[in-house]
Each structure stands twice: as C-alpha cells, then as structure tokens.
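To keep things clear, I will list the structure first and then write my remarks on it.
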Amino acid sequence: METIIQTVDLHKHFGRVRALDGLDLDVQRGEIHGFLGPNGAGKSTTLRILLGLAKATSGTASVLGLDPWTQSVELHRRLAYVPGDVRLWPNLSGGETIDLLSRLRGGTSGRTQEGRDYRQRKARLCGAFDFDPGKKGRAYSKGNRQKVALIAALATDAELYLFDEPTSGLDPLMEAVFRSEVLAAVERGATVLLSSHILSEVEVLCHRVSIIRAGRIVDGGTLDSLRHLTRTEVSFAANGLDTRALAGLGAVHELTSDGGRVRFGADSDRIAEVLPALGALGVQGLTITPPSLEELFLRHYGDASVAAGAAGGEPEHARHRHLLGARGRD
Amino acid sequence: MTEVATLRILWGQRLRRDRWQLAIWVLGIGALALFSATAIHQTYGDDSSRAEILQVALATPAILMLRGLARGAGIGAFTFFQIFSFLALLAGMMSTFLAVRHSRAEEETGSAELIASTPAGRLTPAVATVLHGTAANVLVALAVFAGFTAAGLDPAGALVAGAATGAVGLAFLGVGLLVAQLMGTSRGANGFSAALVVLAYVLRGIGDATGTPDAGGTVMTAGPASWFSPIGWGQQTFAFTGDRWWPLLLPLALAAVSLGAAWVLLERRDSGASVWGALPGRVAARRGLNSPFALALRLQAGSIIGWSLGGLAGGLLTGSLGSAIAAVDLADSSATAVLRAIIQSQGASLTQIMISVLFSIVGVLAAACGLQAVLRLRQEEAAGTAELLLAAPVSRIRWLTGYLLLGTASVVLVMFLAGLGAWVSLTGSGDTSMDVWAVWETAAAQLPAALIYLAVPALVFVLWPAATIAAGWALLGAGVVMGIFGGMVGLDQGIRDLSPFTHTPVPNGSTTDWSGAWWMLAIAVLAAVVAVIGMRRRETGTA
C-alpha cells in the first residue's frame with residue numbers, strides 16, 4: 001500500500017483555541033476513507049491544511065508526497081476538492097463555473113478529443129445529478145450549489161478527491177448518485193477522503209474510517225474492526241415466551257420486554273451463540289439489526305461521562321456497555 | 001379582520017422595516033436642497049455673477065446636461081436650475097428601490113408567500129406598498145420645501161419645487177411597482193427601474209442641452225426630449241419664476257397608469273411568477289474564461305465600464321468647460337478663486353488649471369475603480385468563492401497579481417478615456433493651443449496617486465484582511481477631503497500633504513515638477529511588492 005495522506009501530530013491553534021490538537025491521519029491509495037466527527041471537531045480545518053489553504057501551527061502533513069503549504073499548486077493539479085458549503089459567483093452560471101474550475105485544473109473544452117471527453121463527462125454528470133447548468137449562481141439552492149462543485153470535481157480525472165460533507169443539501173436520490181460516482185472514481189484508481197457526520201453515508205462507502213473529536217483522532221480502522229466492538233440488536237414478538245434461557249447467555253445483554261416485543265443486544269462477534277436459543281424458542285417476527293456506526297459515534301460523543309471514563313482507563317468493552325446502559329431502551 | 005386593519009398592519013411593518021433607510025433618504029434630500037441653496041447664496045450672491053455663470057452654462061451643453069433648465073438669474077430660479085434634476089433623480093431612485101423592496105424582493109425571498117397565505121390576500125400588500133411610497137414622497141416634498149425655505153428662498157416657489165420632486169418620485173413608485181411585476185428577480189427589477197430613472201435624467205439633460213436660449217442668454221426653453229422625461233415635467237413647473245402646477249399632472253398620470261397596469265398583472269399572475277422569465281445563463285463558459293485574471297475581468301467588468309463612462313464624461317466636460325472659459329473671460333471671477341484654492345500651481349494657464357482640477361476629480365474615479373479591484377479580492381475571500389479558486393491549481397500570488405494587473409489596467413483605461421474625451425471636445429471646439437496636448441500629460445499625472453489606492457489597500461488586504469474594505473474607502477475618502485477639498489476649507493498644508501492627490505503634478509508647459517509622481521509611483525510599487533511577498537505566507541479564509 002502507498003500512503004496518500006499522512007499527518008503527524010498536526011496542531012492548529014486559532015489564538016487560544018486548539019482546533020487541531022495532535023491529529024494523526026493516514027490514508028492509503030485506492031481507499032475511500034471516512035473522516036467522521038461532529039461539527040466543530042476540526043474536520044474542515046484538517047481539510048484546509050491538507051489543501052494548503054491554512055498552515056499548520058506545528059506537525060507535518062504530506063499529501064500525494066507533497067507539502068500542501070509550499071507545493072499547493074502542484075498538489076492541486078492532482079486533486080479535486082468539494083467544500084461543505086459551496087459558494088458560487090452570483091453572476092456566473094453553473095455551467096460556466098464548472099468549466100472554469102475544470103480549466104483551472106488543466107482540463108480543456110476545446111475541439112480536441114480531450115475536450116470532447118470532458119464535455120461528454122460534464123453532460124453525463126449534469127444528467128445524473130439532474131442539474132440545470134444554465135442558471136445564474138445566485139439562483140441556485142443549497143443542494144444545487146453543492147452539485148456545481150461535485151460535477152466540477154467528478155468531471156476531472158483526479159488522483160485524490162477531498163469531500164467535505166459533500167451531500168449536505170442533497171436529497172436521498174442524489175446521495176445515491178454521489179455514492180455511485182465516488183465508487184466509479186475509486187474504480188479508476190482514485191483515492192477519496194470523505195469528511196462527514198452522516199453515518200449511513202460513511203457506512204455504505206468507506207473502507208476505513210477515522211473518528212475525530214476535539215482536534216484529534218479518537219478511533220479508527222476498518223469498519224469491521226470497529227463493528228466488532230459494537231452490538232447487534234435483536235428483537236422478536238413476545239407472544240408470552242419464556243426468555244429466561246436467553247438471559248443466561250453471556251453474549252446477551254440488556255434483555256427487555258415491552259410493547260409486545262422482546263429486545264436485547266448481542267455481541268456482534270458472538271451472535272452465532274444466540275441463534276440456537278432463538279430457534280429453540282420458535283420466535284416469530286424476528287429482526288436482527290447489524291451494528292451501526294451510530295453506536296460507535298454515540299460512544300464517543302453521546303455522553304460526557306464516557307469521555308471521562310476513557311480518561312480513567314476503562315477498557316473499551318466496559319465503556320461501551322456503560323453507554324448502552326445509560327441510553328436505556330425506548 | 002377588516003381590510004383597513006390588515007392594511008394598517010402591513011403598512012406598519014413597511015414603516016418599521018424602512019424607518020432608518022427612509023429617514024436617511026428624506027433627510028439627505030432635504031439637506032441637499034438646503035446646502036446647495038446656501039452654497040449658491042455664498043458663492044454667487046448677486047444677480048450679475050449668477051447671470052455671468054448662466055451665460056457660460058448656456059454656451060456649454062455639458063453643464064446643461066448635468067444641471068437643468070435655466071430660467072433666469074434670480075436666486076430661486078438659479079438654485080432650481082442647479083439642483084432640481086438631481087433632487088428628482090434621488091426621489092426617483094428612492095421610490096423604485098422602495099417599490100421593488102416591498103414587492104419583488106419579498107416574493108423572491110419567500111416572505112411574500114407567508115403574507116399571502118394569511119387573510120391579507122393578494123392585493124392588500126401592494127396597496128400598503130403604494131401607501132407607504134406615497135407617504136415617503138410626501139415627506140420628500142416637505143423636506144425639499146423646508147430645505148429651500150430655510151435657505152431663505154421664496155416659500156411659494158419652494159413649495160412648487162418640493163411638490164415637483166415628490167411628483168417625480170410618485171411616478172417612479174408606479175414604474176418600480178410595474179417593473180417588479182415584469183422582472184423575475186429583485187436585482188433585475190432594481191437594475192431596470194433604476195436605469196429608467198437614469199434614462200429620465202439623461203432625456204431631460206438632452207432636452208436642456210438642445211433647448212433654445214432667449215436673447216438675454218439666461219432663460220432657456222427646453223428641447224422636445226425633456227417632454228419624454230418625468231424629471232423634465234418637473235422642471236416645467238418653472239419653480240420660483242412661473243410656479244406652474246399643471247405640469248405635475250403628467251407625473252401623476254404616469255403614476256396612475258403604471259399602478260393600474262401593475263394592478264392588472266398582479267391580479268392575473270401566480271405569486272412568485274413574473275411576466276418576463278429570468279434570463280438563462282450560458283450552459284458552457286466562453287473559451288476565454290480559463291484563468292484567475294479572466295474571472296477577475298468578468299467579475300469587475302460592470303464596475304470598470306461604469307467608472308470608464310464616468311472618466312469619458314468627465315473628460316468631455318473638462319474639454320467643453322475649457323473651451324467655454326476660453327470664450328468668456330472669467331479671469332477674476334470668484335469661480336477662479338475656488339479653482340486656485342484646489343490646485344497649487346505656478347505658471348499654469350487658467351484653462352490648464354481647469355483641466356487639472358477636473359482631472360483630479362476624474363483621478364478619484366480612476367482610484368476608486370482600481371480600489372474596487374482590490375476590494376473584490378476581499379469580497380471573494382469573505383464570500384467563500386475564493387476557496388473554489390485557490391483549491392484549484394492557482395497560487396495565492398497569481399490570484400492577487402491578477403487583480404493588481406486588472407486594477408492597474410482599469411486605472412489607466414479610465415484616465416485614457418478622460419484624456420480622450422477632453423482632447424476630442426477641445427479639438428472639436430477649435431482650440432489649438434498648447435492646452436490640447438497638455439490634456440494627455442495631465443491625464444498621465446493622475447496615475448501615480450490612483451495607483452497608491454491600488455497598492456496600499458492590497459497591502460492592507462494581505463496584512464489585515466478584515467479591515468480591507470473599510471480601510472480602502474476610508475483612505476480614499478480621507479485623501480479626497482485632505483487633498484482636493486483641503487484648500488477650499490483652508491486645511492493646514494501639513495495635513496494636505498498626507499493625501500496622495502496633493503502630490504499629483506500640475507503640468508504647466510516646460511517647468512512641470514514631476515518629483516511627486518515618481519515618489520508616489522515608487523511607494524505604489526513598493527507596497528505592491530510587499531503585498532505579493534506577504535501573500536505567499538498568508539492563509540486564506542472567510543474570517
């Protein structure tokens with residue numbers, strides 16, 4: 001594997017505010033890397049440093065083997081960026097802005113084969129995103145402004161795509177289009193860093209995630225390795241069944257019964273131990289919900305006492321249970 | 001709820017929204033009436049000096065374009081000639097902006113829909129807007145009346161002048177509301193209706209300039225073009241000399257017709273819809289839009305064209321005034337004393353001083369044009385559009401230098417057009433003296449001061465971005481006050497020397513002192529170089 005983005009002990013201070021506080025990020029070639037965190041955690045600041053729009057207070061950052069601050073122009077030739085809140089020139093049409101941005105990145109729309117290819121890609125993307133390029137910048141809604149930057153980025157053949165909450169303002173249909181375009185880009189060999197606070201999006205797309213909180217990475221790895229720490233939710237119709245046998249199993253936690261349904265959480269890596277017991281009970285209306293990043297997320301941001309627990313050196317698993325207990329059911 | 005009660009609520013909401021804005025418009029127009037009348041009292045105190053200046057004016061179409069319809073040398077008539085067209089222009093602007101603000105702009109942002117969904121219905125908001133605009137124009141009329149009366153002019157004439165100003169405003173209230181039905185965006189509606197106000201001003205200017213003077217050379221009968229302009233109709237009241245009321249029926253009729261048309265359209269169209277759809281933009285960019293400089297040019301084109309037209313008009317005016325001065329001997333009038341106070345010069349001819357004074361004002365236009373290029377950098381950064389550009393392979397330095405080059409080019413363009421205008425009108429008048437060539441020298445002499453206003457704000461932009469816009473205009477304003485008006489109000493020389501405009505050379509033939517120009521050029525280049533170097537190290541962002 002080849003490292004595409006690497007930051008080591010990155011700090012960024014705005015006066016006394018530490019926007020980044022020792023951030024270590026590592027993105028490998030060909031992956032879609034999720035960059036998760038709540039608003040204000042430092043996601044956009046990190047991306048601005050990776051782009052060379054801001055300068056790190058200390059620490060090092062390397063993108064495509066280049067220093068983003070001193071070699072930004074060279075770097076920008078090889079990447080495409082979509083900001084989270086796209087602002088357009090009010091008197092330029094969407095189509096003009098897309099053309100301008102792609103020409104600045106070295107693209108052409110002349111009468112060459114390259115120009116024809118570009119126009120074809122642009123037309124295809126405008127169609128896929130259901131976007132009207134003939135309106136003036138000031139007339140677009142938030143979602144449509146977002147589409148301008150997305151189309152401009154995806155119409156160029158970049159090595160690296162940086163997306164900062166790219167689907168904010170897009171409807172679910174357009175989110176699906178975005179997903180398939182990102183997958184197509186990775187198919188071509190591109191690398192993607194996707195900053196988001198929308199878990200489902202990251203969950204569907206990303207190979208690995210890094211979770212940022214208060215300016216540093218607090219958890220990371222492949223989705224599977226993270227899921228491993230979470231629980232699968234199981235529920236079925238109560239129907240007066242005797243569930244004491246389930247309660248005795250080590251993999252089952254927080255067994256409750258309300259509203260005619262029995263619910264419990266099962267350790268995701270031990271779900272197989274639970275299935276025979278369920279079969280023996282002859283349960284009906286069974287649902288098994290796979291662990292979501294939501295849970296991971298809540299573990300880091302859901303409760304202040306969790307963070308305190310982490311500082312106290314509590315083991316991962318214990319922290320997790322603690323949170324679920326605090327959350328309760330319904 | 002009754003219609004009347006709804007109307008009162010909607011009117012109250014409009015008053016509340018506009019209270020500061022309207023106060024500024026009304027008091028500003030009233031103060032302009034007062035101060036211009038007072039200034040005329042002081043500068044041209046007696047009939048003979050006013051008659052003298054009127055004779056120059058009537059021989060100079062450029063002055064008539066900017067002033068009005070001369071109706072004799074009486075103090076009231078002279079004041080009306082000097083300032084009425086401008087008061088009416090302001091009343092028209094106030095009214096069209098008011099009309100659009102409370103109609104199309106509300107529909108565009110969607111707040112009109114909130115109101116329309118209440119029992120207020122579809123027409124009541126428009127009625128409230130008309131009431132509101134009418135009240136505003138009555139206030140404007142009273143302010144003009146009060147201003148002229150306070151300056152000691154005949155109250156009967158002042159009342160006619162005030163009513164004429166208000167009537168022009170009312171006509172444009174109707175026009176604005178009609179245009180708001182036609183155009184789909186508030187920007188389009190504001191632009192189009194403001195253009196109609198300017199057209200009215202220009203048409204009456206053509207009428208005044210092409211009128212027929214009487215034998216005495218101080219009374220003019222307007223040409224036919226004036227009769228196509230609401231502002232021209234206002235002038236036909238002959239305030240202070242004839243005090244005719246009937247011409248005001250014309251603007252009132254225009255108001256009634258356009259309001260009626262707006263009413264018909266309003267009743268027939270969907271909320272938010274317009275008669276003319278928004279103009280579609282281009283689906284693809286032109287071939288040339290491929291660099292930060294091309295984008296800067298595209299974004300600044302409107303403002304460059306505007307300032308350039310100002311430069312050209314200033315040049316034409318300068319040339320025609322220069323030839324007018326050659327025709328009438330003004331060597332000892334109070335007007336030349338004013339000129340001598342503005343410009344410090346030895347050995348320059350009166351025409352040359354005239355050219356230098358007017359070109360120094362055109363030089364301010366050029367400086368403002370250059371300044372706007374630099375301010376655009378900050379606007380782009382604050383709006384977040386710069387980020388799109390700088391995330392592409394465009395270095396901060398290339399971005400900055402693009403705007404500096406564009407600013408330099410536009411400063412040169414404005415002064416070139418001013419020189420061209422003055423040269424054409426001087427040559428056209430048959431003047432063959434040295435002054436014709438000195439026009440180009442004088443135009444070039446304005447460049448260094450203007451370039452200071454390009455480079456120094458650029459430095460501010462690099463060092464203290466958030467202050468760029470305020471500092472830019474403040475520096476320009478201070479420079480104008482200290483350098484150009486400083487002499488008139490008797491400012492200390494040490495303070496006047498702080499302004500770049502004070503150091504602009506005044507060509508006087510062979511012994512012109514150019515050292516100020518070279519110093520300013522050096523300072524501008526130095527500031528620009530430091531700005532470019534600093535930009536290399538500067539972060540960009542909206543903060």
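Here's how to read the names in the structure tokens: chain A, B, ... by the order shown, residue numbers from 1 in each chain, ligand numbers from 1 in the order shown.
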
Output as a tab-separated table one row per residue of range 349-443 of chain B within 12 Å of range 30-50 of chain A: the closest atom pair and its distance in Å to one decimal place, counting only C-alpha atoms, sorted by chain and residue number ascending.
residue	atom	partner	partner_atom	distance
B:Glu387	CA	A:Arg48	CA	9.5
B:Leu388	CA	A:Arg48	CA	11.7
B:Leu390	CA	A:Arg48	CA	10.6
B:Ala391	CA	A:Arg48	CA	9.0

Quick check: residues of chain B within 8 Å of chain A, only C-alpha atoms, returned as JSON, numbers by chain. {"B": [280, 281, 282, 283, 284, 285, 286, 287, 289, 290, 291, 299, 383, 384, 385, 387, 388, 389, 390, 391, 392, 393, 394, 395, 539, 540, 541]}

Residues just named, written with N, CA and C atoms as a tab-separated table (two decimals), in the first residue's frame:
chain	number	residue	atom	x	y	z
B	280	PRO	N	-31.80	33.19	-19.06
B	280	PRO	CA	-30.97	32.00	-18.83
B	280	PRO	C	-29.49	32.35	-18.97
B	281	GLY	N	-28.66	31.68	-18.19
B	281	GLY	CA	-27.22	31.88	-18.30
B	281	GLY	C	-26.67	30.95	-19.37
B	282	ARG	N	-25.38	31.04	-19.62
B	282	ARG	CA	-24.74	30.16	-20.58
B	282	ARG	C	-24.59	28.78	-19.96
B	283	VAL	N	-24.77	27.75	-20.78
B	283	VAL	CA	-24.61	26.39	-20.28
B	283	VAL	C	-23.13	26.04	-20.16
B	284	ALA	N	-22.34	26.62	-21.05
B	284	ALA	CA	-20.88	26.40	-21.00
B	284	ALA	C	-20.19	27.75	-21.02
B	285	ALA	N	-18.98	27.78	-20.48
B	285	ALA	CA	-18.25	29.04	-20.41
B	285	ALA	C	-17.64	29.38	-21.76
B	286	ARG	N	-17.47	30.67	-22.03
B	286	ARG	CA	-16.74	31.08	-23.22
B	286	ARG	C	-15.31	30.56	-23.14
B	287	ARG	N	-14.69	30.45	-24.33
B	287	ARG	CA	-13.33	29.94	-24.42
B	287	ARG	C	-12.37	30.69	-23.49
B	289	LEU	N	-12.71	32.15	-20.63
B	289	LEU	CA	-12.83	32.12	-19.16
B	289	LEU	C	-12.03	30.95	-18.63
B	290	ASN	N	-10.71	31.14	-18.55
B	290	ASN	CA	-9.86	30.00	-18.21
B	290	ASN	C	-8.73	30.35	-17.25
B	291	SER	N	-8.79	31.51	-16.62
B	291	SER	CA	-7.70	31.88	-15.71
B	291	SER	C	-8.26	32.78	-14.62
B	299	LEU	N	-15.77	39.47	-13.37
B	299	LEU	CA	-16.45	39.95	-12.17
B	299	LEU	C	-16.42	41.47	-12.09
B	383	ALA	N	-16.75	35.87	0.87
B	383	ALA	CA	-17.93	35.15	0.38
B	383	ALA	C	-17.65	33.65	0.24
B	384	GLY	N	-16.39	33.26	0.25
B	384	GLY	CA	-16.06	31.84	0.14
B	384	GLY	C	-15.82	31.39	-1.29
B	385	THR	N	-16.02	32.28	-2.28
B	385	THR	CA	-15.79	31.87	-3.66
B	385	THR	C	-14.28	31.76	-3.95
B	387	GLU	N	-12.21	30.30	-2.20
B	387	GLU	CA	-11.77	28.96	-1.83
B	387	GLU	C	-11.84	28.01	-3.02
B	388	LEU	N	-12.91	28.15	-3.83
B	388	LEU	CA	-13.04	27.29	-5.01
B	388	LEU	C	-11.83	27.48	-5.92
B	389	LEU	N	-11.43	28.74	-6.05
B	389	LEU	CA	-10.34	29.06	-6.95
B	389	LEU	C	-9.01	28.56	-6.39
B	390	LEU	N	-8.79	28.82	-5.10
B	390	LEU	CA	-7.49	28.51	-4.51
B	390	LEU	C	-7.33	27.02	-4.23
B	391	ALA	N	-8.44	26.26	-4.28
B	391	ALA	CA	-8.32	24.81	-4.16
B	391	ALA	C	-8.00	24.20	-5.52
B	392	ALA	N	-8.09	25.01	-6.58
B	392	ALA	CA	-7.64	24.60	-7.91
B	392	ALA	C	-6.17	24.99	-8.00
B	393	PRO	N	-5.47	24.56	-9.05
B	393	PRO	CA	-4.04	24.91	-9.13
B	393	PRO	C	-3.82	26.40	-9.42
B	394	VAL	N	-4.19	27.25	-8.47
B	394	VAL	CA	-3.99	28.68	-8.59
B	394	VAL	C	-3.30	29.13	-7.30
B	395	SER	N	-2.13	29.68	-7.43
B	395	SER	CA	-1.43	30.11	-6.21
B	395	SER	C	-2.03	31.42	-5.72
B	539	GLU	N	-2.53	32.89	5.09
B	539	GLU	CA	-3.62	31.93	4.94
B	539	GLU	C	-4.82	32.64	4.33
B	540	THR	N	-5.70	31.87	3.71
B	540	THR	CA	-6.93	32.48	3.21
B	540	THR	C	-8.09	31.86	3.96
B	541	GLY	N	-9.14	32.64	4.10
B	541	GLY	CA	-10.31	32.14	4.80
B	541	GLY	C	-11.32	33.25	4.90

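Taking only C-alpha atoms, the non-local environment of Phe359 in chain B within 9 Å (same-chain residues fewer than 5 positions away omitted) comprises Gly311, Gly314, Gly315, Thr318, Met354, Val364, Met415, Ala418, Gly419, Val439, Thr442, Ala443 and Gln446 of chain B.
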
Close residues, Asp497 in chain B itself excluded, 10 Å, only C-alpha atoms, min 3 positions apart in chain, as a PDB file with N, CA and C atoms, in the first residue's frame:
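Final output, saved to part.pdb:
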ATOM      1  N   GLY B 479      -8.217  60.946   1.604  1.00  0.00           N
ATOM      2  CA  GLY B 479      -7.354  61.540   0.584  1.00  0.00           C
ATOM      3  C   GLY B 479      -8.074  62.627  -0.193  1.00  0.00           C
ATOM      4  N   MET B 482      -8.701  65.692   2.240  1.00  0.00           N
ATOM      5  CA  MET B 482      -7.482  66.440   2.565  1.00  0.00           C
ATOM      6  C   MET B 482      -6.834  67.031   1.320  1.00  0.00           C
ATOM      7  N   GLY B 483      -6.826  66.256   0.248  1.00  0.00           N
ATOM      8  CA  GLY B 483      -6.060  66.681  -0.923  1.00  0.00           C
ATOM      9  C   GLY B 483      -6.821  67.572  -1.871  1.00  0.00           C
ATOM     10  N   GLY B 486      -9.249  70.151   0.667  1.00  0.00           N
ATOM     11  CA  GLY B 486      -8.497  70.757   1.768  1.00  0.00           C
ATOM     12  C   GLY B 486      -8.224  72.240   1.550  1.00  0.00           C
ATOM     13  N   ASP B 492      -4.565  72.918   7.007  1.00  0.00           N
ATOM     14  CA  ASP B 492      -3.130  73.110   7.158  1.00  0.00           C
ATOM     15  C   ASP B 492      -2.370  72.355   6.072  1.00  0.00           C
ATOM     16  N   GLN B 493      -1.306  72.952   5.546  1.00  0.00           N
ATOM     17  CA  GLN B 493      -0.566  72.318   4.451  1.00  0.00           C
ATOM     18  C   GLN B 493       0.001  70.955   4.860  1.00  0.00           C
ATOM     19  N   GLY B 494       0.428  70.844   6.122  1.00  0.00           N
ATOM     20  CA  GLY B 494       0.979  69.583   6.605  1.00  0.00           C
ATOM     21  C   GLY B 494      -0.034  68.453   6.490  1.00  0.00           C
ATOM     22  N   PRO B 500      -2.312  61.622  -1.185  1.00  0.00           N
ATOM     23  CA  PRO B 500      -1.612  61.432  -2.464  1.00  0.00           C
ATOM     24  C   PRO B 500      -2.023  62.476  -3.502  1.00  0.00           C
ATOM     25  N   PHE B 501      -3.301  62.859  -3.469  1.00  0.00           N
ATOM     26  CA  PHE B 501      -3.791  63.754  -4.518  1.00  0.00           C
ATOM     27  C   PHE B 501      -3.084  65.120  -4.474  1.00  0.00           C
ATOM     28  N   THR B 502      -2.586  65.510  -3.278  1.00  0.00           N
ATOM     29  CA  THR B 502      -1.863  66.778  -3.161  1.00  0.00           C
ATOM     30  C   THR B 502      -0.586  66.755  -3.997  1.00  0.00           C
ATOM     31  N   HIS B 503      -0.007  65.570  -4.167  1.00  0.00           N
ATOM     32  CA  HIS B 503       1.295  65.456  -4.815  1.00  0.00           C
ATOM     33  C   HIS B 503       1.193  65.194  -6.309  1.00  0.00           C
TER      34      HIS B 503
END

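Among the candidates B:Ile495, B:Ala225, B:Val529, B:Ala255, the residue lying nearest to Val202 in chain B is B:Ala225 (atoms considered: only C-alpha atoms).
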
From range 28-243 of chain A, collect each residue whose DSSP state is strand (DSSP E or B) and return the set as an MDAnalysis selection string. chainID A and resid 28 32:36 58:63 66 79:82 93 136 160:164 191:196 208:213 216:222 231:237

Could you work out how far CA of Glu267 in chain B lies from CA of Thr109 in chain B, giving the answer in Å with one decimal? 20.3 Å

May I ask which of the residues B:Gly174, B:Gly509, B:Pro457, B:Gly157 is the closest one to Val530 in chain B, counting only C-alpha atoms? B:Pro457

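Using only C-alpha atoms, the nearest neighbour of Thr60 in chain B within the list B:Ile353, B:Ala239, B:Ala209, B:Val412 is B:Ala209.
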
Compile the contact shell of Ala277 in chain A as a PyMOL selection string: residues with an atom at most 12 Å away, counting only C-alpha atoms, same-chain residues fewer than 2 positions apart removed. chain A and resi 242-249+251-252+271-275+279-283

Write a file of the just-selected residues containing C-alpha atoms, as a compact mmCIF listing (two decimals), in the first residue's frame.
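Okay, part-v5.txt is ready:
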# COMPACT_ATOMS: atom_id res chain seq x y z
CA ASP A 242 -40.23 -17.64 28.42
CA THR A 243 -36.98 -15.79 27.71
CA ARG A 244 -35.06 -16.82 30.80
CA ALA A 245 -32.89 -19.16 28.74
CA LEU A 246 -31.68 -16.18 26.69
CA ALA A 247 -30.92 -14.09 29.74
CA GLY A 248 -28.47 -16.74 30.87
CA LEU A 249 -26.29 -16.44 27.74
CA ALA A 251 -23.43 -12.82 24.67
CA VAL A 252 -26.83 -11.35 25.54
CA ILE A 271 -24.16 -13.77 17.51
CA ALA A 272 -23.88 -17.44 16.47
CA GLU A 273 -24.15 -18.48 20.13
CA VAL A 274 -27.55 -16.81 20.38
CA LEU A 275 -29.18 -18.30 17.29
CA GLY A 279 -34.57 -21.38 17.32
CA ALA A 280 -35.49 -23.42 20.37
CA LEU A 281 -37.96 -20.72 21.42
CA GLY A 282 -39.57 -20.73 17.98
CA VAL A 283 -39.59 -16.92 17.85

Ser425 in chain B environment, 9 Å, only C-alpha atoms, sequence neighbours closer than 4 positions dropped, as a PyMOL selection string: chain B and resi 315-320+323+420-421+429-430

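Residue nearest Ser257 in chain A, chosen from A:Glu201, A:Thr222, A:Val234, A:Leu278 and counting only C-alpha atoms: A:Val234.
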
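What separates CA of Ala5 in chain B from CA of Ser103 in chain B is a distance of 19.9 Å.
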
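Neighbours of range 171-179 of chain A closer than or equal to 7 Å, with only C-alpha atoms counted and sequence neighbours fewer than 6 positions away skipped, come out as Ala128, Phe129 and Leu205 of chain A.
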
Using only C-alpha atoms, which of B:Arg14, B:Asp208, B:Ala23, B:Val219 sits nearest Gly133 in chain B?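 Smallest distance to Gly133 in chain B is found for B:Arg14.
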
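Proximity to Ala184 in chain A was assessed for A:Asp157, A:Gln6, A:Val27, A:Val17 counting only C-alpha atoms; the smallest distance is recorded for A:Asp157.
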
If DSSP is run on the backbone, what residues of range 65-304 of chain A are alpha helix (DSSP H)? A reply as a ChimeraX atom specification would be ideal. /A:72-76,94-104,113-128,142-154,172-187,199-205,223-227,244-247,271-281,293-301,304

Give me, please, the distance in Å between CA of Arg29 in chain A and CA of Asp164 in chain A, quoted to one decimal.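 These two atoms are separated by 18.7 Å.
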